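Below: protein-v1.cif (mmCIF, N, CA and C atoms)
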data_work
#
loop_
_atom_site.group_PDB
_atom_site.id
_atom_site.type_symbol
_atom_site.label_atom_id
_atom_site.label_comp_id
_atom_site.auth_asym_id
_atom_site.auth_seq_id
_atom_site.Cartn_x
_atom_site.Cartn_y
_atom_site.Cartn_z
ATOM 1 N N MET A 857 0.847 -1.179 0.000
ATOM 2 C CA MET A 857 0.000 0.000 0.000
ATOM 3 C C MET A 857 0.889 1.239 0.000
ATOM 4 N N PRO A 858 0.728 2.129 -0.975
ATOM 5 C CA PRO A 858 1.568 3.323 -1.022
ATOM 6 C C PRO A 858 1.154 4.331 0.044
ATOM 7 N N GLY A 859 2.131 5.089 0.514
ATOM 8 C CA GLY A 859 1.853 6.153 1.466
ATOM 9 C C GLY A 859 1.354 7.397 0.753
ATOM 10 N N HIS A 860 0.810 8.296 1.508
ATOM 11 C CA HIS A 860 0.290 9.549 0.981
ATOM 12 C C HIS A 860 1.090 10.696 1.602
ATOM 13 N N PRO A 861 1.697 11.554 0.799
ATOM 14 C CA PRO A 861 2.560 12.603 1.336
ATOM 15 C C PRO A 861 1.771 13.650 2.124
ATOM 16 N N ARG A 862 2.322 14.008 3.238
ATOM 17 C CA ARG A 862 1.801 15.077 4.080
ATOM 18 C C ARG A 862 2.989 15.793 4.709
ATOM 19 N N LYS A 863 2.699 16.815 5.494
ATOM 20 C CA LYS A 863 3.717 17.564 6.223
ATOM 21 C C LYS A 863 3.464 17.435 7.719
ATOM 22 N N LYS A 864 4.536 17.237 8.468
ATOM 23 C CA LYS A 864 4.450 17.187 9.931
ATOM 24 C C LYS A 864 4.964 18.510 10.477
ATOM 25 N N ILE A 865 4.164 19.130 11.306
ATOM 26 C CA ILE A 865 4.532 20.378 11.978
ATOM 27 C C ILE A 865 4.864 20.033 13.414
ATOM 28 N N GLU A 866 6.009 20.511 13.887
ATOM 29 C CA GLU A 866 6.377 20.333 15.287
ATOM 30 C C GLU A 866 6.686 21.702 15.874
ATOM 31 N N ILE A 867 6.052 21.993 16.987
ATOM 32 C CA ILE A 867 6.225 23.284 17.655
ATOM 33 C C ILE A 867 6.621 23.016 19.102
ATOM 34 N N ILE A 868 7.750 23.534 19.503
ATOM 35 C CA ILE A 868 8.181 23.463 20.903
ATOM 36 C C ILE A 868 8.022 24.868 21.469
ATOM 37 N N VAL A 869 7.250 24.959 22.543
ATOM 38 C CA VAL A 869 6.904 26.280 23.080
ATOM 39 C C VAL A 869 6.636 26.163 24.575
ATOM 40 N N GLU A 870 6.662 27.285 25.252
ATOM 41 C CA GLU A 870 6.370 27.283 26.678
ATOM 42 C C GLU A 870 4.913 26.878 26.922
ATOM 43 N N ALA A 871 4.721 26.051 27.934
ATOM 44 C CA ALA A 871 3.420 25.454 28.214
ATOM 45 C C ALA A 871 2.264 26.453 28.321
ATOM 46 N N PRO A 872 2.443 27.621 28.909
ATOM 47 C CA PRO A 872 1.296 28.535 29.015
ATOM 48 C C PRO A 872 0.712 28.972 27.667
ATOM 49 N N LEU A 873 1.461 28.817 26.591
ATOM 50 C CA LEU A 873 0.963 29.232 25.276
ATOM 51 C C LEU A 873 0.251 28.124 24.512
ATOM 52 N N GLN A 874 0.253 26.913 25.038
ATOM 53 C CA GLN A 874 -0.248 25.785 24.262
ATOM 54 C C GLN A 874 -1.702 25.959 23.833
ATOM 55 N N ARG A 875 -2.576 26.418 24.691
ATOM 56 C CA ARG A 875 -3.989 26.541 24.326
ATOM 57 C C ARG A 875 -4.191 27.539 23.185
ATOM 58 N N SER A 876 -3.537 28.690 23.260
ATOM 59 C CA SER A 876 -3.714 29.690 22.206
ATOM 60 C C SER A 876 -3.130 29.200 20.881
ATOM 61 N N ILE A 877 -2.045 28.451 20.938
ATOM 62 C CA ILE A 877 -1.458 27.910 19.706
ATOM 63 C C ILE A 877 -2.358 26.822 19.122
ATOM 64 N N LEU A 878 -2.880 25.949 19.967
ATOM 65 C CA LEU A 878 -3.782 24.905 19.474
ATOM 66 C C LEU A 878 -5.033 25.508 18.832
ATOM 67 N N ASP A 879 -5.580 26.528 19.446
ATOM 68 C CA ASP A 879 -6.747 27.202 18.868
ATOM 69 C C ASP A 879 -6.396 27.827 17.524
ATOM 70 N N TRP A 880 -5.239 28.480 17.449
ATOM 71 C CA TRP A 880 -4.797 29.109 16.210
ATOM 72 C C TRP A 880 -4.564 28.066 15.121
ATOM 73 N N LEU A 881 -3.946 26.941 15.469
ATOM 74 C CA LEU A 881 -3.727 25.885 14.476
ATOM 75 C C LEU A 881 -5.053 25.422 13.882
ATOM 76 N N GLY A 882 -6.061 25.249 14.721
ATOM 77 C CA GLY A 882 -7.377 24.873 14.228
ATOM 78 C C GLY A 882 -7.938 25.898 13.261
ATOM 79 N N SER A 883 -7.726 27.166 13.561
ATOM 80 C CA SER A 883 -8.223 28.221 12.676
ATOM 81 C C SER A 883 -7.468 28.259 11.346
ATOM 82 N N GLN A 884 -6.291 27.642 11.307
ATOM 83 C CA GLN A 884 -5.497 27.597 10.080
ATOM 84 C C GLN A 884 -5.814 26.375 9.227
ATOM 85 N N GLY A 885 -6.647 25.478 9.735
ATOM 86 C CA GLY A 885 -7.035 24.294 8.974
ATOM 87 C C GLY A 885 -6.404 23.003 9.441
ATOM 88 N N VAL A 886 -5.649 23.033 10.533
ATOM 89 C CA VAL A 886 -5.075 21.811 11.092
ATOM 90 C C VAL A 886 -6.205 21.026 11.743
ATOM 91 N N LYS A 887 -6.380 19.761 11.344
ATOM 92 C CA LYS A 887 -7.520 18.953 11.794
ATOM 93 C C LYS A 887 -7.301 18.261 13.135
ATOM 94 N N GLY A 888 -6.057 18.023 13.520
ATOM 95 C CA GLY A 888 -5.793 17.314 14.765
ATOM 96 C C GLY A 888 -4.357 17.545 15.195
ATOM 97 N N TRP A 889 -4.062 17.143 16.399
ATOM 98 C CA TRP A 889 -2.732 17.367 16.952
ATOM 99 C C TRP A 889 -2.471 16.373 18.065
ATOM 100 N N SER A 890 -1.209 16.274 18.437
ATOM 101 C CA SER A 890 -0.778 15.529 19.622
ATOM 102 C C SER A 890 0.066 16.466 20.463
ATOM 103 N N LEU A 891 0.044 16.266 21.769
ATOM 104 C CA LEU A 891 0.780 17.134 22.676
ATOM 105 C C LEU A 891 1.685 16.292 23.557
ATOM 106 N N LEU A 892 2.958 16.592 23.531
ATOM 107 C CA LEU A 892 3.910 15.985 24.452
ATOM 108 C C LEU A 892 4.077 16.989 25.581
ATOM 109 N N PRO A 893 3.637 16.651 26.788
ATOM 110 C CA PRO A 893 3.464 17.644 27.842
ATOM 111 C C PRO A 893 4.720 18.174 28.513
ATOM 112 N N ARG A 894 5.840 17.554 28.315
ATOM 113 C CA ARG A 894 7.035 18.047 28.997
ATOM 114 C C ARG A 894 8.245 17.737 28.137
ATOM 115 N N VAL A 895 8.829 18.787 27.571
ATOM 116 C CA VAL A 895 9.969 18.639 26.683
ATOM 117 C C VAL A 895 11.183 19.263 27.359
ATOM 118 N N ILE A 896 12.243 18.489 27.467
ATOM 119 C CA ILE A 896 13.485 18.933 28.095
ATOM 120 C C ILE A 896 14.565 18.951 27.026
ATOM 121 N N GLY A 897 15.394 19.989 27.028
ATOM 122 C CA GLY A 897 16.450 20.050 26.028
ATOM 123 C C GLY A 897 17.391 21.208 26.266
ATOM 124 N N GLY A 898 18.338 21.346 25.363
ATOM 125 C CA GLY A 898 19.306 22.416 25.450
ATOM 126 C C GLY A 898 19.635 22.937 24.078
ATOM 127 N N GLY A 899 20.171 24.135 24.041
ATOM 128 C CA GLY A 899 20.511 24.745 22.764
ATOM 129 C C GLY A 899 21.242 26.047 22.954
ATOM 130 N N GLN A 900 21.057 26.924 22.002
ATOM 131 C CA GLN A 900 21.765 28.194 21.950
ATOM 132 C C GLN A 900 21.613 29.019 23.228
ATOM 133 N N HIS A 901 20.466 28.938 23.864
ATOM 134 C CA HIS A 901 20.210 29.760 25.045
ATOM 135 C C HIS A 901 20.299 28.973 26.350
ATOM 136 N N GLY A 902 20.939 27.831 26.331
ATOM 137 C CA GLY A 902 21.111 27.046 27.545
ATOM 138 C C GLY A 902 20.191 25.853 27.582
ATOM 139 N N GLU A 903 19.917 25.377 28.796
ATOM 140 C CA GLU A 903 19.105 24.176 28.980
ATOM 141 C C GLU A 903 17.771 24.497 29.620
ATOM 142 N N ARG A 904 16.795 23.690 29.263
ATOM 143 C CA ARG A 904 15.504 23.664 29.940
ATOM 144 C C ARG A 904 15.409 22.284 30.555
ATOM 145 N N SER A 905 15.542 22.214 31.866
ATOM 146 C CA SER A 905 15.623 20.901 32.509
ATOM 147 C C SER A 905 14.299 20.420 33.069
ATOM 148 N N GLY A 906 13.322 21.299 33.183
ATOM 149 C CA GLY A 906 12.056 20.882 33.752
ATOM 150 C C GLY A 906 12.105 20.710 35.254
ATOM 151 N N ASP A 907 13.070 21.354 35.912
ATOM 152 C CA ASP A 907 13.230 21.218 37.358
ATOM 153 C C ASP A 907 12.346 22.161 38.165
ATOM 154 N N ASP A 908 11.678 23.096 37.514
ATOM 155 C CA ASP A 908 10.847 24.062 38.207
ATOM 156 C C ASP A 908 9.637 23.352 38.831
ATOM 157 N N VAL A 909 9.461 23.490 40.125
ATOM 158 C CA VAL A 909 8.386 22.813 40.843
ATOM 159 C C VAL A 909 7.017 23.248 40.326
ATOM 160 N N THR A 910 6.872 24.515 39.955
ATOM 161 C CA THR A 910 5.580 25.019 39.491
ATOM 162 C C THR A 910 5.271 24.581 38.066
ATOM 163 N N ARG A 911 6.272 24.146 37.331
ATOM 164 C CA ARG A 911 6.165 23.745 35.922
ATOM 165 C C ARG A 911 5.734 24.891 35.022
ATOM 166 N N ALA A 912 5.801 26.132 35.540
ATOM 167 C CA ALA A 912 5.404 27.307 34.766
ATOM 168 C C ALA A 912 6.326 27.542 33.573
ATOM 169 N N PHE A 913 7.546 27.049 33.658
ATOM 170 C CA PHE A 913 8.504 27.270 32.576
ATOM 171 C C PHE A 913 8.742 26.017 31.739
ATOM 172 N N ASP A 914 7.894 25.017 31.895
ATOM 173 C CA ASP A 914 8.018 23.808 31.081
ATOM 174 C C ASP A 914 7.757 24.115 29.614
ATOM 175 N N ASN A 915 8.402 23.369 28.768
ATOM 176 C CA ASN A 915 8.117 23.415 27.347
ATOM 177 C C ASN A 915 7.241 22.228 26.994
ATOM 178 N N VAL A 916 6.417 22.402 25.970
ATOM 179 C CA VAL A 916 5.615 21.328 25.422
ATOM 180 C C VAL A 916 5.938 21.220 23.936
ATOM 181 N N MET A 917 5.616 20.064 23.354
ATOM 182 C CA MET A 917 5.740 19.916 21.909
ATOM 183 C C MET A 917 4.369 19.593 21.344
ATOM 184 N N ILE A 918 3.982 20.375 20.360
ATOM 185 C CA ILE A 918 2.743 20.150 19.627
ATOM 186 C C ILE A 918 3.128 19.546 18.290
ATOM 187 N N VAL A 919 2.504 18.431 17.946
ATOM 188 C CA VAL A 919 2.781 17.748 16.682
ATOM 189 C C VAL A 919 1.475 17.641 15.911
ATOM 190 N N ALA A 920 1.518 18.036 14.651
ATOM 191 C CA ALA A 920 0.340 17.932 13.789
ATOM 192 C C ALA A 920 0.783 17.490 12.406
ATOM 193 N N VAL A 921 -0.070 16.752 11.733
ATOM 194 C CA VAL A 921 0.178 16.336 10.359
ATOM 195 C C VAL A 921 -0.922 16.941 9.506
ATOM 196 N N THR A 922 -0.523 17.536 8.391
ATOM 197 C CA THR A 922 -1.487 18.232 7.556
ATOM 198 C C THR A 922 -1.013 18.268 6.107
ATOM 199 N N THR A 923 -1.773 18.929 5.287
ATOM 200 C CA THR A 923 -1.404 19.076 3.881
ATOM 201 C C THR A 923 -0.317 20.132 3.726
ATOM 202 N N GLU A 924 0.348 20.117 2.603
ATOM 203 C CA GLU A 924 1.415 21.094 2.375
ATOM 204 C C GLU A 924 0.915 22.538 2.414
ATOM 205 N N PRO A 925 -0.215 22.873 1.769
ATOM 206 C CA PRO A 925 -0.657 24.276 1.840
ATOM 207 C C PRO A 925 -0.937 24.752 3.266
ATOM 208 N N VAL A 926 -1.544 23.899 4.075
ATOM 209 C CA VAL A 926 -1.823 24.282 5.461
ATOM 210 C C VAL A 926 -0.522 24.421 6.242
ATOM 211 N N ALA A 927 0.401 23.499 6.065
ATOM 212 C CA ALA A 927 1.687 23.568 6.758
ATOM 213 C C ALA A 927 2.440 24.839 6.372
ATOM 214 N N ARG A 928 2.409 25.205 5.114
ATOM 215 C CA ARG A 928 3.089 26.425 4.652
ATOM 216 C C ARG A 928 2.463 27.649 5.302
ATOM 217 N N GLN A 929 1.140 27.662 5.385
ATOM 218 C CA GLN A 929 0.441 28.779 6.016
ATOM 219 C C GLN A 929 0.826 28.894 7.490
ATOM 220 N N VAL A 930 0.896 27.760 8.179
ATOM 221 C CA VAL A 930 1.288 27.759 9.590
ATOM 222 C C VAL A 930 2.727 28.243 9.738
ATOM 223 N N LEU A 931 3.620 27.698 8.942
ATOM 224 C CA LEU A 931 5.027 28.077 9.037
ATOM 225 C C LEU A 931 5.232 29.555 8.746
ATOM 226 N N ASP A 932 4.576 30.045 7.710
ATOM 227 C CA ASP A 932 4.730 31.455 7.325
ATOM 228 C C ASP A 932 4.090 32.411 8.322
ATOM 229 N N GLY A 933 3.004 31.983 8.991
ATOM 230 C CA GLY A 933 2.284 32.894 9.864
ATOM 231 C C GLY A 933 2.581 32.787 11.338
ATOM 232 N N PHE A 934 3.302 31.741 11.757
ATOM 233 C CA PHE A 934 3.473 31.494 13.186
ATOM 234 C C PHE A 934 4.138 32.656 13.909
ATOM 235 N N HIS A 935 5.300 33.070 13.451
ATOM 236 C CA HIS A 935 6.040 34.095 14.206
ATOM 237 C C HIS A 935 5.420 35.476 14.072
ATOM 238 N N GLN A 936 4.591 35.668 13.059
ATOM 239 C CA GLN A 936 3.841 36.910 12.982
ATOM 240 C C GLN A 936 2.757 36.919 14.059
ATOM 241 N N ARG A 937 2.077 35.796 14.210
ATOM 242 C CA ARG A 937 0.990 35.690 15.192
ATOM 243 C C ARG A 937 1.516 35.606 16.622
ATOM 244 N N PHE A 938 2.631 34.892 16.810
ATOM 245 C CA PHE A 938 3.208 34.690 18.139
ATOM 246 C C PHE A 938 4.603 35.310 18.203
ATOM 247 N N ALA A 939 4.680 36.576 17.872
ATOM 248 C CA ALA A 939 5.964 37.281 17.753
ATOM 249 C C ALA A 939 6.784 37.260 19.040
ATOM 250 N N ASN A 940 6.143 37.260 20.176
ATOM 251 C CA ASN A 940 6.865 37.312 21.449
ATOM 252 C C ASN A 940 7.096 35.943 22.071
ATOM 253 N N ALA A 941 6.684 34.897 21.399
ATOM 254 C CA ALA A 941 6.831 33.550 21.953
ATOM 255 C C ALA A 941 8.250 33.035 21.754
ATOM 256 N N VAL A 942 8.749 32.359 22.776
ATOM 257 C CA VAL A 942 9.996 31.619 22.638
ATOM 258 C C VAL A 942 9.585 30.255 22.103
ATOM 259 N N ALA A 943 9.863 30.021 20.823
ATOM 260 C CA ALA A 943 9.344 28.815 20.185
ATOM 261 C C ALA A 943 10.273 28.330 19.091
ATOM 262 N N ILE A 944 10.220 27.047 18.846
ATOM 263 C CA ILE A 944 10.893 26.421 17.716
ATOM 264 C C ILE A 944 9.794 25.787 16.879
ATOM 265 N N VAL A 945 9.796 26.085 15.590
ATOM 266 C CA VAL A 945 8.781 25.549 14.690
ATOM 267 C C VAL A 945 9.500 24.938 13.496
ATOM 268 N N TYR A 946 9.156 23.697 13.188
ATOM 269 C CA TYR A 946 9.719 23.111 11.981
ATOM 270 C C TYR A 946 8.718 22.193 11.319
ATOM 271 N N VAL A 947 8.936 22.005 10.018
ATOM 272 C CA VAL A 947 8.052 21.208 9.181
ATOM 273 C C VAL A 947 8.900 20.183 8.455
ATOM 274 N N SER A 948 8.405 18.946 8.385
ATOM 275 C CA SER A 948 9.131 17.896 7.672
ATOM 276 C C SER A 948 8.156 17.052 6.857
ATOM 277 N N ASP A 949 8.706 16.317 5.896
ATOM 278 C CA ASP A 949 7.919 15.438 5.046
ATOM 279 C C ASP A 949 7.614 14.133 5.769
ATOM 280 N N VAL A 950 6.373 13.677 5.659
ATOM 281 C CA VAL A 950 5.967 12.375 6.178
ATOM 282 C C VAL A 950 5.024 11.735 5.170
ATOM 283 N N GLU A 951 4.772 10.450 5.365
ATOM 284 C CA GLU A 951 3.758 9.753 4.589
ATOM 285 C C GLU A 951 2.761 9.141 5.561
ATOM 286 N N VAL A 952 1.499 9.165 5.187
ATOM 287 C CA VAL A 952 0.450 8.620 6.051
ATOM 288 C C VAL A 952 -0.301 7.521 5.316
ATOM 289 N N ALA A 953 -0.876 6.600 6.065
ATOM 290 C CA ALA A 953 -1.633 5.504 5.482
ATOM 291 C C ALA A 953 -3.073 5.903 5.180
ATOM 292 N N ARG A 954 -3.632 6.817 5.988
ATOM 293 C CA ARG A 954 -5.030 7.206 5.823
ATOM 294 C C ARG A 954 -5.108 8.721 5.584
ATOM 295 N N PRO A 955 -5.027 9.151 4.336
ATOM 296 C CA PRO A 955 -4.950 10.585 4.034
ATOM 297 C C PRO A 955 -6.175 11.377 4.467
ATOM 298 N N GLY A 956 -7.321 10.751 4.565
ATOM 299 C CA GLY A 956 -8.521 11.472 4.968
ATOM 300 C C GLY A 956 -8.488 11.990 6.387
ATOM 301 N N HIS A 957 -7.585 11.473 7.189
ATOM 302 C CA HIS A 957 -7.473 11.915 8.582
ATOM 303 C C HIS A 957 -6.695 13.215 8.707
ATOM 304 N N PHE A 958 -6.034 13.627 7.636
ATOM 305 C CA PHE A 958 -5.171 14.799 7.710
ATOM 306 C C PHE A 958 -5.542 15.796 6.641
#
Could you spell out this file's structure in structure tokens?
Amino acid sequence: MPGHPRKKIEIIVEAPLQRSILDWLGSQGVKGWSLLPRVIGGGQHGERSGDDVTRAFDNVMIVAVTTEPVARQVLDGFHQRFANAVAIVYVSDVEVARPGHF
């Protein structure tokens, strides 16, 4: 069975912004998403270890699979809409078995 090409969007952002980003993704045509509730990592600005007891500074990862036009719209509009967010956004090629779900 051949796969069907789609785009995977991954957004790593501070947890307090997740609801507004999820709502915005829906308004852009993203049909569904998955949320990884606690993302730990390091990079140019140091480490995020997730050691904060309040979890106010935790990062989350939002993952969505969609069509190329929708992914392009999200990628092009994200930092305009969330200009002050500390976020990493990337898009990659994937194949799905059931294209109607995306």
(message) Counting only C-alpha atoms, which residue out of A:Gly933, A:Gly888, A:Gly882, A:Gly899 sits closest to His957 (chain A)?
(response)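 The answer is A:Gly888, which sits nearest to His957 (chain A).
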(request) Could you please determine the separation between atom N of Ala941 (chain A) and CA of Ile865 (chain A) in Å, to one decimal place? (result)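 CA of Ile865 (chain A) lies 17.4 Å from atom N of Ala941 (chain A).
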(request) Give the strand (DSSP E) residues of chain A, as assigned by DSSP on the backbone, as a ChimeraX atom specification. (result) /A:860-870,890-895,897-899,902-904,915-922,943-952
For the file shown, what are the residues hit by the PyMOL selection byres (((chain A and resi 928-930 and name CA) around 9) and name CA), laid out as a PDB file with N, CA and C atoms, in the coordinates of the input?
ATOM      1  N   ILE A 865       4.164  19.130  11.306  1.00  0.00           N
ATOM      2  CA  ILE A 865       4.532  20.378  11.978  1.00  0.00           C
ATOM      3  C   ILE A 865       4.864  20.033  13.414  1.00  0.00           C
ATOM      4  N   LEU A 881      -3.946  26.941  15.469  1.00  0.00           N
ATOM      5  CA  LEU A 881      -3.727  25.885  14.476  1.00  0.00           C
ATOM      6  C   LEU A 881      -5.053  25.422  13.882  1.00  0.00           C
ATOM      7  N   GLN A 884      -6.291  27.642  11.307  1.00  0.00           N
ATOM      8  CA  GLN A 884      -5.497  27.597  10.080  1.00  0.00           C
ATOM      9  C   GLN A 884      -5.814  26.375   9.227  1.00  0.00           C
ATOM     10  N   VAL A 886      -5.649  23.033  10.533  1.00  0.00           N
ATOM     11  CA  VAL A 886      -5.075  21.811  11.092  1.00  0.00           C
ATOM     12  C   VAL A 886      -6.205  21.026  11.743  1.00  0.00           C
ATOM     13  N   THR A 923      -1.773  18.929   5.287  1.00  0.00           N
ATOM     14  CA  THR A 923      -1.404  19.076   3.881  1.00  0.00           C
ATOM     15  C   THR A 923      -0.317  20.132   3.726  1.00  0.00           C
ATOM     16  N   GLU A 924       0.348  20.117   2.603  1.00  0.00           N
ATOM     17  CA  GLU A 924       1.415  21.094   2.375  1.00  0.00           C
ATOM     18  C   GLU A 924       0.915  22.538   2.414  1.00  0.00           C
ATOM     19  N   PRO A 925      -0.215  22.873   1.769  1.00  0.00           N
ATOM     20  CA  PRO A 925      -0.657  24.276   1.840  1.00  0.00           C
ATOM     21  C   PRO A 925      -0.937  24.752   3.266  1.00  0.00           C
ATOM     22  N   VAL A 926      -1.544  23.899   4.075  1.00  0.00           N
ATOM     23  CA  VAL A 926      -1.823  24.282   5.461  1.00  0.00           C
ATOM     24  C   VAL A 926      -0.522  24.421   6.242  1.00  0.00           C
ATOM     25  N   ALA A 927       0.401  23.499   6.065  1.00  0.00           N
ATOM     26  CA  ALA A 927       1.687  23.568   6.758  1.00  0.00           C
ATOM     27  C   ALA A 927       2.440  24.839   6.372  1.00  0.00           C
ATOM     28  N   LEU A 931       3.620  27.698   8.942  1.00  0.00           N
ATOM     29  CA  LEU A 931       5.027  28.077   9.037  1.00  0.00           C
ATOM     30  C   LEU A 931       5.232  29.555   8.746  1.00  0.00           C
ATOM     31  N   ASP A 932       4.576  30.045   7.710  1.00  0.00           N
ATOM     32  CA  ASP A 932       4.730  31.455   7.325  1.00  0.00           C
ATOM     33  C   ASP A 932       4.090  32.411   8.322  1.00  0.00           C
ATOM     34  N   GLY A 933       3.004  31.983   8.991  1.00  0.00           N
ATOM     35  CA  GLY A 933       2.284  32.894   9.864  1.00  0.00           C
ATOM     36  C   GLY A 933       2.581  32.787  11.338  1.00  0.00           C
ATOM     37  N   PHE A 934       3.302  31.741  11.757  1.00  0.00           N
ATOM     38  CA  PHE A 934       3.473  31.494  13.186  1.00  0.00           C
ATOM     39  C   PHE A 934       4.138  32.656  13.909  1.00  0.00           C
ATOM     40  N   VAL A 947       8.936  22.005  10.018  1.00  0.00           N
ATOM     41  CA  VAL A 947       8.052  21.208   9.181  1.00  0.00           C
ATOM     42  C   VAL A 947       8.900  20.183   8.455  1.00  0.00           C
TER      43      VAL A 947
END
Write out as a CSV table (one decimal) with N, CA and C atoms, in the coordinates of the input which residues come within 5 Å of Val895 (chain A) when counting all atoms listed in the file, dropping same-chain ones fewer than 2 positions away.
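Listed below is the output, out-v1.csv:
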chain,number,residue,atom,x,y,z
A,893,PRO,N,3.6,16.7,26.8
A,893,PRO,CA,3.5,17.6,27.8
A,893,PRO,C,4.7,18.2,28.5
A,897,GLY,N,15.4,20.0,27.0
A,897,GLY,CA,16.4,20.0,26.0
A,897,GLY,C,17.4,21.2,26.3
A,915,ASN,N,8.4,23.4,28.8
A,915,ASN,CA,8.1,23.4,27.3
A,915,ASN,C,7.2,22.2,27.0
A,916,VAL,N,6.4,22.4,26.0
A,916,VAL,CA,5.6,21.3,25.4
A,916,VAL,C,5.9,21.2,23.9
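Counting from atom C of Arg875 (chain A), the distance to atom N of Gly956 (chain A) is 25.3 Å.
In this model, the gap between CA of Trp889 (chain A) and atom C of Met917 (chain A) comes to 8.6 Å.
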Mind telling me what the PyMOL selection byres (((chain A and resi 921 and name CA) around 6) and name CA) catches here, as an mmCIF file with N, CA and C atoms, in the coordinates of the input?
data_model
loop_
_atom_site.group_PDB
_atom_site.id
_atom_site.type_symbol
_atom_site.label_atom_id
_atom_site.label_comp_id
_atom_site.auth_asym_id
_atom_site.auth_seq_id
_atom_site.Cartn_x
_atom_site.Cartn_y
_atom_site.Cartn_z
ATOM 1 N N LYS A 863 2.699 16.815 5.494
ATOM 2 C CA LYS A 863 3.717 17.564 6.223
ATOM 3 C C LYS A 863 3.464 17.435 7.719
ATOM 4 N N LYS A 864 4.536 17.237 8.468
ATOM 5 C CA LYS A 864 4.450 17.187 9.931
ATOM 6 C C LYS A 864 4.964 18.510 10.477
ATOM 7 N N ALA A 920 1.518 18.036 14.651
ATOM 8 C CA ALA A 920 0.340 17.932 13.789
ATOM 9 C C ALA A 920 0.783 17.490 12.406
ATOM 10 N N THR A 922 -0.523 17.536 8.391
ATOM 11 C CA THR A 922 -1.487 18.232 7.556
ATOM 12 C C THR A 922 -1.013 18.268 6.107
#
(request) List the residues selected by the PyMOL selection byres (((chain A and resi 954 and name CA) around 12) and name CA) in the file shown, writing them as a count of residues only. (result) 15
Centre and edge lengths of an axis-aligned box around all listed atoms of region 864-867 of chain A, with 3 Å added on each side, are to be given in Å to one decimal, as JSON.
{"center_x": 5.4, "center_y": 20.2, "center_z": 13.8, "size_x": 8.5, "size_y": 12.1, "size_z": 16.6}
DSSP on the backbone: which residues in chain A end up as helix (DSSP H, G or I)? Give the answer as a compact mmCIF listing (two decimals) with N, CA and C atoms, keeping the file's coordinate frame.
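Ended up saving to result_37.txt:
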# COMPACT_ATOMS: atom_id res chain seq x y z
N ALA A 871 4.72 26.05 27.93
CA ALA A 871 3.42 25.45 28.21
C ALA A 871 2.26 26.45 28.32
N PRO A 872 2.44 27.62 28.91
CA PRO A 872 1.30 28.54 29.02
C PRO A 872 0.71 28.97 27.67
N LEU A 873 1.46 28.82 26.59
CA LEU A 873 0.96 29.23 25.28
C LEU A 873 0.25 28.12 24.51
N GLN A 874 0.25 26.91 25.04
CA GLN A 874 -0.25 25.78 24.26
C GLN A 874 -1.70 25.96 23.83
N ARG A 875 -2.58 26.42 24.69
CA ARG A 875 -3.99 26.54 24.33
C ARG A 875 -4.19 27.54 23.18
N SER A 876 -3.54 28.69 23.26
CA SER A 876 -3.71 29.69 22.21
C SER A 876 -3.13 29.20 20.88
N ILE A 877 -2.04 28.45 20.94
CA ILE A 877 -1.46 27.91 19.71
C ILE A 877 -2.36 26.82 19.12
N LEU A 878 -2.88 25.95 19.97
CA LEU A 878 -3.78 24.90 19.47
C LEU A 878 -5.03 25.51 18.83
N ASP A 879 -5.58 26.53 19.45
CA ASP A 879 -6.75 27.20 18.87
C ASP A 879 -6.40 27.83 17.52
N TRP A 880 -5.24 28.48 17.45
CA TRP A 880 -4.80 29.11 16.21
C TRP A 880 -4.56 28.07 15.12
N LEU A 881 -3.95 26.94 15.47
CA LEU A 881 -3.73 25.88 14.48
C LEU A 881 -5.05 25.42 13.88
N GLY A 882 -6.06 25.25 14.72
CA GLY A 882 -7.38 24.87 14.23
C GLY A 882 -7.94 25.90 13.26
N SER A 883 -7.73 27.17 13.56
CA SER A 883 -8.22 28.22 12.68
C SER A 883 -7.47 28.26 11.35
N GLU A 924 0.35 20.12 2.60
CA GLU A 924 1.42 21.09 2.38
C GLU A 924 0.92 22.54 2.41
N PRO A 925 -0.22 22.87 1.77
CA PRO A 925 -0.66 24.28 1.84
C PRO A 925 -0.94 24.75 3.27
N VAL A 926 -1.54 23.90 4.08
CA VAL A 926 -1.82 24.28 5.46
C VAL A 926 -0.52 24.42 6.24
N ALA A 927 0.40 23.50 6.06
CA ALA A 927 1.69 23.57 6.76
C ALA A 927 2.44 24.84 6.37
N ARG A 928 2.41 25.20 5.11
CA ARG A 928 3.09 26.42 4.65
C ARG A 928 2.46 27.65 5.30
N GLN A 929 1.14 27.66 5.38
CA GLN A 929 0.44 28.78 6.02
C GLN A 929 0.83 28.89 7.49
N VAL A 930 0.90 27.76 8.18
CA VAL A 930 1.29 27.76 9.59
C VAL A 930 2.73 28.24 9.74
N LEU A 931 3.62 27.70 8.94
CA LEU A 931 5.03 28.08 9.04
C LEU A 931 5.23 29.56 8.75
N ASP A 932 4.58 30.04 7.71
CA ASP A 932 4.73 31.46 7.32
C ASP A 932 4.09 32.41 8.32
N GLY A 933 3.00 31.98 8.99
CA GLY A 933 2.28 32.89 9.86
C GLY A 933 2.58 32.79 11.34
N PHE A 934 3.30 31.74 11.76
CA PHE A 934 3.47 31.49 13.19
C PHE A 934 4.14 32.66 13.91
N HIS A 935 5.30 33.07 13.45
CA HIS A 935 6.04 34.10 14.21
C HIS A 935 5.42 35.48 14.07
N GLN A 936 4.59 35.67 13.06
CA GLN A 936 3.84 36.91 12.98
C GLN A 936 2.76 36.92 14.06
N ARG A 937 2.08 35.80 14.21
CA ARG A 937 0.99 35.69 15.19
C ARG A 937 1.52 35.61 16.62
N PRO A 955 -5.03 9.15 4.34
CA PRO A 955 -4.95 10.58 4.03
C PRO A 955 -6.18 11.38 4.47
N GLY A 956 -7.32 10.75 4.57
CA GLY A 956 -8.52 11.47 4.97
C GLY A 956 -8.49 11.99 6.39
N HIS A 957 -7.58 11.47 7.19
CA HIS A 957 -7.47 11.92 8.58
C HIS A 957 -6.70 13.22 8.71
(message) Measuring between all atoms listed in the file, which one of A:Trp880, A:Ala871, A:Asp914, A:Val919 shows the shortest distance to Ile896 (chain A)?
(response) A:Asp914
(request) Find the residue from A:Ile918, A:Phe913, A:Glu866, A:Gln900 that sits nearest to Leu878 (chain A); use only C-alpha atoms when measuring. (result) A:Ile918
